[in-house]
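Colleague: One file: entry06.tsv (TSV, C-alpha atoms).
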```tsv
chain	number	residue	atom	x	y	z
J	264	MET	CA	11.20	-111.81	-135.57
J	265	ALA	CA	12.64	-110.51	-132.32
J	266	GLU	CA	16.24	-111.41	-131.83
J	267	LYS	CA	17.66	-112.35	-128.44
J	268	VAL	CA	20.71	-110.36	-127.41
J	269	ALA	CA	23.01	-110.95	-124.48
J	270	LEU	CA	23.94	-107.67	-122.80
J	271	GLU	CA	26.80	-107.23	-120.38
J	272	ILE	CA	25.47	-104.98	-117.64
J	273	ILE	CA	27.69	-103.44	-114.99
J	274	VAL	CA	25.68	-102.66	-111.86
J	275	ASN	CA	27.55	-100.35	-109.53
J	276	GLY	CA	30.74	-101.93	-110.87
J	277	GLN	CA	29.59	-105.56	-110.74
J	278	SER	CA	29.30	-107.33	-114.10
J	279	THR	CA	26.47	-109.65	-115.12
J	280	THR	CA	25.07	-110.89	-118.43
J	281	VAL	CA	21.37	-110.63	-119.20
J	282	GLU	CA	19.55	-111.94	-122.23
J	283	ALA	CA	16.74	-109.85	-123.67
J	284	SER	CA	14.62	-109.43	-126.77
J	285	SER	CA	15.79	-106.73	-129.18
J	286	ARG	CA	12.17	-105.54	-129.34
J	287	ALA	CA	11.85	-105.07	-125.60
J	288	PRO	CA	12.39	-101.66	-124.02
J	289	LEU	CA	15.68	-101.35	-122.25
J	290	HIS	CA	14.02	-100.82	-118.88
J	291	SER	CA	12.58	-104.33	-119.06
J	292	VAL	CA	15.92	-105.83	-118.04
J	293	ILE	CA	16.42	-103.68	-114.95
J	294	GLY	CA	14.46	-105.86	-112.53
J	295	LYS	CA	16.21	-109.07	-113.56
J	296	THR	CA	19.62	-107.41	-113.53
J	297	LEU	CA	19.14	-106.00	-110.04
J	298	ALA	CA	17.90	-109.34	-108.74
J	299	GLU	CA	20.90	-111.18	-110.21
J	300	THR	CA	23.35	-108.76	-108.66
J	301	GLY	CA	21.61	-108.52	-105.30
J	302	ASN	CA	20.87	-104.81	-105.54
J	303	THR	CA	17.48	-104.84	-103.90
J	304	GLY	CA	17.18	-101.57	-102.03
J	305	GLN	CA	15.77	-99.27	-104.71
J	306	PRO	CA	12.98	-99.74	-107.29
J	307	PRO	CA	13.81	-99.99	-111.03
J	308	GLU	CA	12.75	-96.39	-111.73
J	309	ASN	CA	15.60	-95.13	-109.54
J	310	TRP	CA	18.23	-96.59	-111.87
J	311	GLU	CA	19.61	-95.33	-115.15
J	312	PHE	CA	21.57	-96.81	-118.04
J	313	ARG	CA	24.68	-95.30	-119.57
J	314	ASN	CA	26.85	-96.63	-122.36
J	315	GLU	CA	30.60	-97.12	-122.16
J	316	GLY	CA	31.15	-93.48	-123.03
J	317	GLY	CA	28.99	-92.39	-120.09
J	318	VAL	CA	26.11	-91.21	-122.28
J	319	LEU	CA	22.65	-91.55	-120.71
J	320	LEU	CA	20.38	-93.97	-122.60
J	321	ASP	CA	16.60	-93.67	-122.88
J	322	SER	CA	15.35	-96.75	-121.04
J	323	ASP	CA	11.98	-96.54	-122.77
J	324	GLU	CA	13.60	-97.16	-126.17
J	325	LYS	CA	13.71	-100.66	-127.59
J	326	ILE	CA	17.02	-102.45	-127.24
J	327	GLY	CA	17.28	-102.92	-130.99
J	328	ASP	CA	16.47	-99.29	-131.70
J	329	LEU	CA	19.31	-98.22	-129.42
J	330	GLY	CA	21.66	-100.19	-131.65
J	331	LEU	CA	22.62	-102.56	-128.85
J	332	ALA	CA	23.93	-105.82	-130.25
J	333	ALA	CA	25.05	-108.99	-128.49
J	334	GLY	CA	27.91	-108.30	-126.11
J	335	ALA	CA	27.13	-104.60	-125.71
J	336	ARG	CA	28.34	-103.30	-122.38
J	337	LEU	CA	26.04	-101.03	-120.39
J	338	PHE	CA	26.33	-99.40	-117.00
J	339	LEU	CA	23.32	-99.46	-114.67
J	340	ASN	CA	23.72	-96.98	-111.84
J	341	LEU	CA	21.59	-95.41	-109.16
J	342	LYS	CA	20.40	-91.97	-110.13
J	343	ALA	CA	22.02	-89.16	-108.20
J	344	GLY	CA	18.69	-87.72	-107.09
J	345	VAL	CA	17.55	-90.79	-105.21
J	346	GLY	CA	16.84	-90.42	-101.54
J	347	GLY	CA	16.40	-86.72	-101.06
J	348	ASP	CA	19.89	-85.58	-101.91
J	349	ALA	CA	20.29	-81.92	-101.20
H	237	MET	CA	36.31	-89.83	-88.40
H	238	SER	CA	35.35	-92.93	-86.39
H	239	PRO	CA	38.05	-95.49	-85.68
H	240	GLN	CA	37.58	-98.92	-87.24
H	241	TYR	CA	35.07	-100.65	-84.94
H	242	VAL	CA	33.68	-103.12	-87.49
H	243	ASP	CA	35.65	-106.39	-87.73
H	244	PRO	CA	38.54	-105.18	-89.95
H	245	GLY	CA	38.42	-108.45	-91.88
H	246	VAL	CA	34.84	-107.74	-92.94
H	247	SER	CA	35.44	-104.17	-94.07
H	248	GLU	CA	38.68	-105.10	-95.79
H	249	ALA	CA	37.03	-107.99	-97.68
H	250	LYS	CA	34.34	-105.63	-98.96
H	251	PHE	CA	36.95	-103.02	-99.82
H	252	THR	CA	38.95	-105.63	-101.73
H	253	ARG	CA	35.83	-106.66	-103.67
H	254	GLU	CA	35.29	-103.06	-104.74
H	255	VAL	CA	38.87	-102.73	-105.94
H	256	GLU	CA	38.90	-106.11	-107.70
H	257	GLU	CA	35.67	-105.37	-109.55
H	258	TYR	CA	37.12	-102.06	-110.64
H	259	ARG	CA	40.33	-103.72	-111.78
H	260	SER	CA	38.38	-106.27	-113.84
H	261	LEU	CA	36.98	-103.44	-115.98
H	262	GLU	CA	39.88	-101.06	-115.62
H	263	ALA	CA	40.61	-100.61	-119.33
H	264	GLY	CA	37.10	-99.26	-119.90
H	265	TYR	CA	37.36	-96.88	-116.96
H	266	ARG	CA	40.75	-95.65	-118.18
H	267	ALA	CA	39.18	-94.86	-121.55
H	268	ARG	CA	36.76	-92.63	-119.67
H	269	GLY	CA	39.62	-90.81	-117.99
H	270	TRP	CA	39.59	-92.63	-114.64
H	271	PHE	CA	42.92	-93.72	-113.16
H	272	LEU	CA	43.02	-95.75	-109.96
H	273	ILE	CA	46.35	-94.66	-108.49
H	274	GLY	CA	46.22	-96.28	-105.08
H	275	ALA	CA	44.24	-98.81	-103.10
H	276	ALA	CA	45.42	-99.66	-99.60
H	277	PHE	CA	42.67	-100.42	-97.10
H	278	PRO	CA	40.72	-98.35	-96.22
H	279	VAL	CA	41.44	-95.70	-98.89
H	280	VAL	CA	41.07	-95.80	-102.67
H	281	ARG	CA	42.54	-92.93	-104.67
H	282	VAL	CA	41.37	-92.18	-108.19
H	283	VAL	CA	42.33	-89.38	-110.56
H	284	MET	CA	39.67	-88.25	-113.02
H	285	CYS	CA	40.39	-86.54	-116.32
H	286	ALA	CA	38.34	-84.72	-118.92
H	287	THR	CA	38.77	-86.58	-122.19
H	288	ARG	CA	37.01	-84.04	-124.40
H	289	THR	CA	39.44	-81.18	-123.85
H	290	GLN	CA	42.43	-80.79	-126.17
H	291	PRO	CA	44.84	-81.51	-124.63
H	292	PRO	CA	43.04	-83.76	-122.09
H	293	ALA	CA	42.97	-82.28	-118.59
H	294	VAL	CA	43.40	-83.73	-115.11
H	295	ILE	CA	40.35	-82.41	-113.27
H	296	THR	CA	40.44	-83.81	-109.75
H	297	GLY	CA	41.57	-86.56	-107.46
H	298	VAL	CA	39.06	-88.47	-105.37
H	299	ALA	CA	39.79	-90.15	-102.04
H	300	LEU	CA	37.25	-92.70	-100.85
H	301	ASP	CA	37.71	-94.01	-97.31
H	302	TYR	CA	35.99	-97.33	-96.59
H	303	THR	CA	36.64	-97.42	-92.83
H	304	ASN	CA	33.80	-99.39	-91.16
H	305	TYR	CA	32.24	-100.27	-94.53
H	306	ASP	CA	29.49	-101.19	-94.92
H	307	GLU	CA	28.21	-100.54	-91.43
H	308	GLU	CA	28.99	-96.97	-92.46
H	309	PRO	CA	29.11	-95.55	-96.00
H	310	PRO	CA	32.45	-94.43	-97.41
H	311	SER	CA	33.81	-90.94	-96.91
H	312	VAL	CA	34.32	-89.14	-100.22
H	313	ARG	CA	36.58	-86.14	-100.71
H	314	LEU	CA	37.73	-84.34	-103.82
H	315	VAL	CA	41.48	-83.95	-103.42
H	316	HIS	CA	44.40	-82.42	-105.25
H	317	PRO	CA	45.41	-85.07	-107.80
H	318	PHE	CA	49.13	-84.85	-106.97
H	319	SER	CA	49.36	-83.97	-103.28
H	320	GLY	CA	46.20	-85.79	-102.16
H	321	GLU	CA	45.23	-82.81	-99.99
H	322	PRO	CA	41.47	-82.23	-99.78
H	323	TYR	CA	40.26	-79.20	-101.67
H	324	THR	CA	38.50	-76.44	-99.79
H	325	PHE	CA	35.27	-75.30	-101.39
H	326	GLY	CA	37.00	-72.26	-102.86
H	327	GLN	CA	39.68	-74.42	-104.46
H	328	LEU	CA	37.37	-76.95	-106.10
H	329	PRO	CA	38.05	-77.35	-109.81
H	330	THR	CA	34.48	-78.59	-110.26
H	331	THR	CA	31.41	-78.38	-108.03
H	332	LEU	CA	29.33	-81.13	-109.70
H	333	LYS	CA	26.48	-78.94	-110.85
H	334	ARG	CA	23.07	-80.53	-111.38
H	335	ARG	CA	20.08	-79.07	-113.18
H	336	VAL	CA	17.05	-79.17	-110.88
H	337	LEU	CA	13.61	-77.60	-110.78
H	338	GLY	CA	13.20	-74.79	-108.27
H	339	PRO	CA	10.14	-74.18	-106.10
H	340	PRO	CA	6.85	-73.20	-107.79
H	341	LEU	CA	6.65	-69.51	-108.68
H	342	GLU	CA	3.38	-68.48	-107.12
H	343	VAL	CA	3.32	-64.88	-108.30
H	344	PRO	CA	-0.09	-63.16	-108.68
H	345	GLY	CA	-0.84	-62.69	-112.35
H	346	LEU	CA	1.76	-65.20	-113.54
H	347	PRO	CA	0.04	-67.72	-115.82
H	348	VAL	CA	0.08	-71.37	-114.81
H	349	GLY	CA	1.55	-74.05	-117.04
H	350	PRO	CA	-0.40	-76.46	-119.28
H	351	ASP	CA	-0.65	-78.86	-116.34
H	352	GLY	CA	-2.41	-76.19	-114.26
H	353	LYS	CA	0.56	-75.86	-111.92
H	354	PRO	CA	2.67	-72.74	-111.30
H	355	PRO	CA	5.84	-72.58	-113.43
H	356	ARG	CA	9.18	-73.53	-111.90
H	357	MET	CA	12.60	-72.14	-112.68
H	358	VAL	CA	15.40	-74.45	-113.72
H	359	GLN	CA	18.31	-74.01	-111.33
H	360	GLU	CA	21.87	-75.22	-111.13
H	361	GLN	CA	22.63	-76.92	-107.83
H	362	PRO	CA	26.13	-78.06	-106.87
H	363	LEU	CA	26.41	-81.53	-105.38
H	364	MET	CA	29.53	-80.34	-103.56
H	365	GLN	CA	28.37	-78.42	-100.50
H	366	ALA	CA	30.08	-76.32	-97.82
H	367	SER	CA	29.11	-73.38	-95.66
H	368	GLY	CA	32.08	-71.26	-96.76
H	369	PRO	CA	34.94	-71.09	-99.25
H	370	ASP	CA	37.54	-72.23	-96.68
H	371	GLU	CA	35.62	-75.31	-95.54
H	372	ILE	CA	36.33	-78.77	-96.91
H	373	PRO	CA	33.19	-79.56	-98.91
H	374	PHE	CA	31.26	-82.81	-98.89
H	375	LEU	CA	29.48	-84.68	-101.66
H	376	CYS	CA	25.80	-84.20	-100.92
H	377	LEU	CA	24.64	-87.60	-102.05
H	378	ALA	CA	23.03	-90.58	-100.38
H	379	GLY	CA	25.68	-93.25	-100.00
H	380	VAL	CA	28.34	-90.83	-98.78
H	381	ARG	CA	29.35	-90.73	-95.10
H	382	GLU	CA	29.42	-86.94	-94.85
H	383	TYR	CA	25.91	-86.73	-96.32
H	384	HIS	CA	24.41	-89.16	-93.79
H	385	ALA	CA	26.34	-87.55	-90.91
H	386	HIS	CA	24.98	-84.10	-91.75
H	387	PRO	CA	22.23	-82.98	-89.32
H	388	ALA	CA	20.04	-81.90	-92.25
H	389	HIS	CA	19.90	-85.50	-93.48
H	390	SER	CA	19.10	-87.26	-90.23
H	391	GLY	CA	15.87	-88.49	-91.82
H	392	ASP	CA	17.68	-90.26	-94.64
H	393	SER	CA	19.55	-93.05	-92.95
H	394	TRP	CA	22.36	-94.99	-94.63
H	395	ASP	CA	20.38	-98.14	-93.86
H	396	LEU	CA	17.81	-97.03	-96.46
H	397	HIS	CA	20.51	-97.06	-99.17
H	398	ARG	CA	22.96	-99.72	-98.04
H	399	SER	CA	21.43	-102.65	-99.95
H	400	SER	CA	21.19	-100.72	-103.22
H	401	GLY	CA	24.94	-100.31	-103.52
H	402	ALA	CA	24.81	-96.55	-103.01
H	403	GLY	CA	28.26	-96.55	-101.43
H	404	ARG	CA	29.99	-98.70	-103.99
H	405	LEU	CA	33.15	-97.43	-105.61
H	406	VAL	CA	32.06	-97.33	-109.25
H	407	ARG	CA	28.68	-95.82	-108.42
H	408	LEU	CA	30.29	-92.92	-106.58
H	409	LEU	CA	32.89	-92.36	-109.30
H	410	GLU	CA	30.10	-92.44	-111.86
H	411	VAL	CA	28.27	-89.59	-110.11
H	412	ILE	CA	31.45	-87.51	-109.86
H	413	ASP	CA	32.17	-88.17	-113.53
H	414	VAL	CA	28.66	-87.46	-114.79
H	415	TYR	CA	28.24	-84.18	-112.92
H	416	GLY	CA	31.78	-83.00	-112.38
H	417	VAL	CA	34.05	-84.20	-115.16
H	418	ARG	CA	32.21	-85.34	-118.24
H	419	PRO	CA	30.42	-82.01	-118.86
H	420	ILE	CA	33.81	-80.28	-119.16
H	421	SER	CA	34.26	-79.67	-122.87
H	422	GLY	CA	37.07	-77.12	-123.06
H	423	TYR	CA	39.24	-74.56	-121.32
H	424	ASN	CA	37.79	-71.35	-119.95
H	425	VAL	CA	40.47	-68.81	-120.86
H	426	ASN	CA	40.62	-65.29	-119.51
H	427	LEU	CA	42.84	-63.00	-121.61
H	428	VAL	CA	44.00	-59.68	-120.19
H	429	PRO	CA	45.54	-57.59	-123.02
H	430	GLN	CA	48.22	-55.14	-122.04
H	431	ILE	CA	49.46	-52.20	-124.13
H	432	VAL	CA	53.23	-52.44	-124.12
H	433	GLY	CA	54.03	-49.84	-126.79
H	434	PHE	CA	53.18	-48.77	-130.33
H	435	LEU	CA	53.36	-50.49	-133.69
H	436	GLN	CA	54.92	-48.59	-136.58
H	437	ASP	CA	54.14	-49.35	-140.20
H	438	SER	CA	57.33	-47.75	-141.42
H	439	VAL	CA	60.66	-46.43	-140.30
H	440	PRO	CA	61.53	-43.27	-142.33
H	441	GLU	CA	65.14	-42.61	-143.43
```
Go through the file and emit its structure as structure tokens.

Modeller:
Amino acid sequence: MAEKVALEIIVNGQSTTVEASSRAPLHSVIGKTLAETGNTGQPPENWEFRNEGGVLLDSDEKIGDLGLAAGARLFLNLKAGVGGDA
Amino acid sequence: MSPQYVDPGVSEAKFTREVEEYRSLEAGYRARGWFLIGAAFPVVRVVMCATRTQPPAVITGVALDYTNYDEEPPSVRLVHPFSGEPYTFGQLPTTLKRRVLGPPLEVPGLPVGPDGKPPRMVQEQPLMQASGPDEIPFLCLAGVREYHAHPAHSGDSWDLHRSSGAGRLVRLLEVIDVYGVRPISGYNVNLVPQIVGFLQDSVPE
């Protein structure tokens, strides 16, 4: 049975807590997280997750498979390549 | 740089929010090698260190100027960590290199890839840009004042990025860390041996 986990997600420095199923892919929480933190200007695919050590996480992986348990802290940041950066 | 024309109370409140949010998670940022060493409106100063080197190394200072925020994005400069002086391009300790795909190689006779498209070379592109080694470089990234003020980026207005938090403190530090600090894994040492004499294996009586 899928377990619900509460993840602490830091969006551009702003903290919020989002509950998700451990069987859901990590990217499934991006839309809700952005809505809760008022970051509306860029679509979910322009964001990326990193762990506390700064390591990029595969957003297509399931939350449980990434070893993320309740209370895990993740950083959701805009990708550097967004918007035609030189 | 423009003088403060936005209501200073508005810009300062937004600046304070950035600093307070940083402070609320400061222990985690310190573990990553980030040290906020000063925050007096409109400038935040952060020193960033490489944690993987032994001993750990101070890589760069960063000065972020939130004048007129968020009518304008912040100015971002890499600065000397002790003096606070902006680095010229030639002095930069890190240029924030990114791996990007180059243009398609349309060479007659060169086979196309499995997707039917011409192959592309992988290139390293610095996010820090300047036209010469003596110029103060800018961070070529949406959300940075110098990027949006550059004539080459007139089609990519700050207004397109403002609501996504592109100019927020932690987001900008994250980019500098990911491309400029975190990849640093050790010291690049250049040894220049010099012959200063001869070795003897014995001294006869």

Colleague: Given all atoms listed in the file as the basis, pick out the residue of H:Arg418, H:Arg288, H:Arg356, H:Arg407 nearest to Ile273 of chain J.

Modeller: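 For Ile273 of chain J, the nearest of the given residues is H:Arg407.
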
Colleague: Excluding Ala343 of chain J and any residue of its chain fewer than 6 positions from it, enumerate the residues within 10 Å of it, using all atoms listed in the file, and give them as a ChimeraX atom specification.

Modeller: /J:309-311 /H:334,363,376-379,402,407-408,410-412,414-415

Colleague: Calculate how many Å separate atom CA of Val283 of chain H from atom CA of Val417 of chain H, rounding to one decimal.

Modeller: 10.8 Å

Colleague: Given the choices J:Pro288, J:Gly317, J:Gly294, J:Pro307, which gets closest to chain H if the distance is worked out from only C-alpha atoms?

Modeller: J:Gly317

Colleague: Using only C-alpha atoms, which residues sit within 9 Å of Ser285 of chain J once same-chain residues fewer than 5 positions away are excluded, as a list of chain:residue names?

Modeller: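 So, after excluding close chain neighbours, the residues are J:Ala265, J:Glu266, J:Lys267, J:Val268, J:Lys325, J:Ile326, J:Gly327, J:Asp328, J:Leu331, J:Ala332.
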
Colleague: Give the residues of chain H that lie within 10 Å of chain J; count all atoms listed in the file, and format the answer as a VMD selection string.

Modeller: chain H and resid 253 to 261 264 to 265 267 to 268 334 336 361 to 365 375 to 379 383 to 384 388 to 389 391 to 415 418

Colleague: Atom CA of Glu382 of chain H and atom CA of Phe251 of chain H, how far apart in Å?

Modeller: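 According to the coordinates, atom CA of Phe251 of chain H and atom CA of Glu382 of chain H are separated by 18.4 Å.
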
Colleague: Working from the structure I just supplied, which lacks atoms in segment 342-367 of chain H, can you model N, CA and C atoms there and output them as a PDB file, in the coordinates of the input?

Modeller:
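Output (out_4.pdb):
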```
ATOM      1  N   GLU H 342       4.781 -68.853-107.333  1.00  0.00           N
ATOM      2  CA  GLU H 342       3.380 -68.480-107.120  1.00  0.00           C
ATOM      3  C   GLU H 342       3.285 -66.961-107.035  1.00  0.00           C
ATOM      4  N   VAL H 343       3.375 -66.339-108.205  1.00  0.00           N
ATOM      5  CA  VAL H 343       3.320 -64.880-108.300  1.00  0.00           C
ATOM      6  C   VAL H 343       1.940 -64.491-108.848  1.00  0.00           C
ATOM      7  N   PRO H 344       1.227 -63.579-108.168  1.00  0.00           N
ATOM      8  CA  PRO H 344      -0.090 -63.160-108.680  1.00  0.00           C
ATOM      9  C   PRO H 344       0.018 -62.635-110.114  1.00  0.00           C
ATOM     10  N   GLY H 345      -0.838 -63.141-110.965  1.00  0.00           N
ATOM     11  CA  GLY H 345      -0.840 -62.690-112.350  1.00  0.00           C
ATOM     12  C   GLY H 345       0.008 -63.535-113.277  1.00  0.00           C
ATOM     13  N   LEU H 346       0.901 -64.352-112.705  1.00  0.00           N
ATOM     14  CA  LEU H 346       1.760 -65.200-113.540  1.00  0.00           C
ATOM     15  C   LEU H 346       0.947 -66.409-114.014  1.00  0.00           C
ATOM     16  N   PRO H 347       0.871 -66.621-115.340  1.00  0.00           N
ATOM     17  CA  PRO H 347       0.040 -67.720-115.820  1.00  0.00           C
ATOM     18  C   PRO H 347       0.596 -69.083-115.391  1.00  0.00           C
ATOM     19  N   VAL H 348      -0.344 -70.011-115.177  1.00  0.00           N
ATOM     20  CA  VAL H 348       0.080 -71.370-114.810  1.00  0.00           C
ATOM     21  C   VAL H 348       0.450 -72.130-116.075  1.00  0.00           C
ATOM     22  N   GLY H 349       1.142 -73.232-115.906  1.00  0.00           N
ATOM     23  CA  GLY H 349       1.550 -74.050-117.040  1.00  0.00           C
ATOM     24  C   GLY H 349       0.407 -74.871-117.586  1.00  0.00           C
ATOM     25  N   PRO H 350       0.648 -75.633-118.673  1.00  0.00           N
ATOM     26  CA  PRO H 350      -0.400 -76.460-119.280  1.00  0.00           C
ATOM     27  C   PRO H 350      -0.968 -77.507-118.326  1.00  0.00           C
ATOM     28  N   ASP H 351      -0.176 -77.862-117.313  1.00  0.00           N
ATOM     29  CA  ASP H 351      -0.650 -78.860-116.340  1.00  0.00           C
ATOM     30  C   ASP H 351      -1.423 -78.211-115.199  1.00  0.00           C
ATOM     31  N   GLY H 352      -1.656 -76.887-115.293  1.00  0.00           N
ATOM     32  CA  GLY H 352      -2.410 -76.190-114.260  1.00  0.00           C
ATOM     33  C   GLY H 352      -1.588 -75.838-113.038  1.00  0.00           C
ATOM     34  N   LYS H 353      -0.292 -76.139-113.080  1.00  0.00           N
ATOM     35  CA  LYS H 353       0.560 -75.860-111.920  1.00  0.00           C
ATOM     36  C   LYS H 353       1.408 -74.610-112.179  1.00  0.00           C
ATOM     37  N   PRO H 354       1.824 -73.930-111.101  1.00  0.00           N
ATOM     38  CA  PRO H 354       2.670 -72.740-111.300  1.00  0.00           C
ATOM     39  C   PRO H 354       3.989 -73.137-111.963  1.00  0.00           C
ATOM     40  N   PRO H 355       4.554 -72.263-112.777  1.00  0.00           N
ATOM     41  CA  PRO H 355       5.840 -72.580-113.430  1.00  0.00           C
ATOM     42  C   PRO H 355       6.961 -72.683-112.403  1.00  0.00           C
ATOM     43  N   ARG H 356       8.003 -73.380-112.782  1.00  0.00           N
ATOM     44  CA  ARG H 356       9.180 -73.530-111.900  1.00  0.00           C
ATOM     45  C   ARG H 356      10.424 -73.181-112.701  1.00  0.00           C
ATOM     46  N   MET H 357      11.337 -72.518-112.037  1.00  0.00           N
ATOM     47  CA  MET H 357      12.600 -72.140-112.680  1.00  0.00           C
ATOM     48  C   MET H 357      13.548 -73.340-112.671  1.00  0.00           C
ATOM     49  N   VAL H 358      14.340 -73.442-113.715  1.00  0.00           N
ATOM     50  CA  VAL H 358      15.400 -74.450-113.720  1.00  0.00           C
ATOM     51  C   VAL H 358      16.627 -73.824-113.045  1.00  0.00           C
ATOM     52  N   GLN H 359      17.164 -74.538-112.074  1.00  0.00           N
ATOM     53  CA  GLN H 359      18.310 -74.010-111.330  1.00  0.00           C
ATOM     54  C   GLN H 359      19.497 -74.947-111.453  1.00  0.00           C
ATOM     55  N   GLU H 360      20.669 -74.400-111.208  1.00  0.00           N
ATOM     56  CA  GLU H 360      21.870 -75.220-111.130  1.00  0.00           C
ATOM     57  C   GLU H 360      22.228 -75.401-109.657  1.00  0.00           C
ATOM     58  N   GLN H 361      22.358 -76.648-109.238  1.00  0.00           N
ATOM     59  CA  GLN H 361      22.630 -76.920-107.830  1.00  0.00           C
ATOM     60  C   GLN H 361      23.903 -77.749-107.710  1.00  0.00           C
ATOM     61  N   PRO H 362      24.909 -77.265-106.996  1.00  0.00           N
ATOM     62  CA  PRO H 362      26.130 -78.060-106.870  1.00  0.00           C
ATOM     63  C   PRO H 362      25.946 -79.232-105.903  1.00  0.00           C
ATOM     64  N   LEU H 363      26.442 -80.384-106.289  1.00  0.00           N
ATOM     65  CA  LEU H 363      26.410 -81.530-105.380  1.00  0.00           C
ATOM     66  C   LEU H 363      27.489 -81.401-104.306  1.00  0.00           C
ATOM     67  N   MET H 364      28.522 -80.594-104.578  1.00  0.00           N
ATOM     68  CA  MET H 364      29.530 -80.340-103.560  1.00  0.00           C
ATOM     69  C   MET H 364      29.027 -79.178-102.702  1.00  0.00           C
ATOM     70  N   GLN H 365      28.973 -79.394-101.401  1.00  0.00           N
ATOM     71  CA  GLN H 365      28.370 -78.420-100.500  1.00  0.00           C
ATOM     72  C   GLN H 365      29.337 -78.057 -99.369  1.00  0.00           C
ATOM     73  N   ALA H 366      29.316 -76.791 -98.989  1.00  0.00           N
ATOM     74  CA  ALA H 366      30.080 -76.320 -97.820  1.00  0.00           C
ATOM     75  C   ALA H 366      29.438 -75.023 -97.373  1.00  0.00           C
ATOM     76  N   SER H 367      29.719 -74.627 -96.146  1.00  0.00           N
ATOM     77  CA  SER H 367      29.110 -73.380 -95.660  1.00  0.00           C
ATOM     78  C   SER H 367      29.984 -72.173 -95.945  1.00  0.00           C
TER      79      SER H 367
END
```
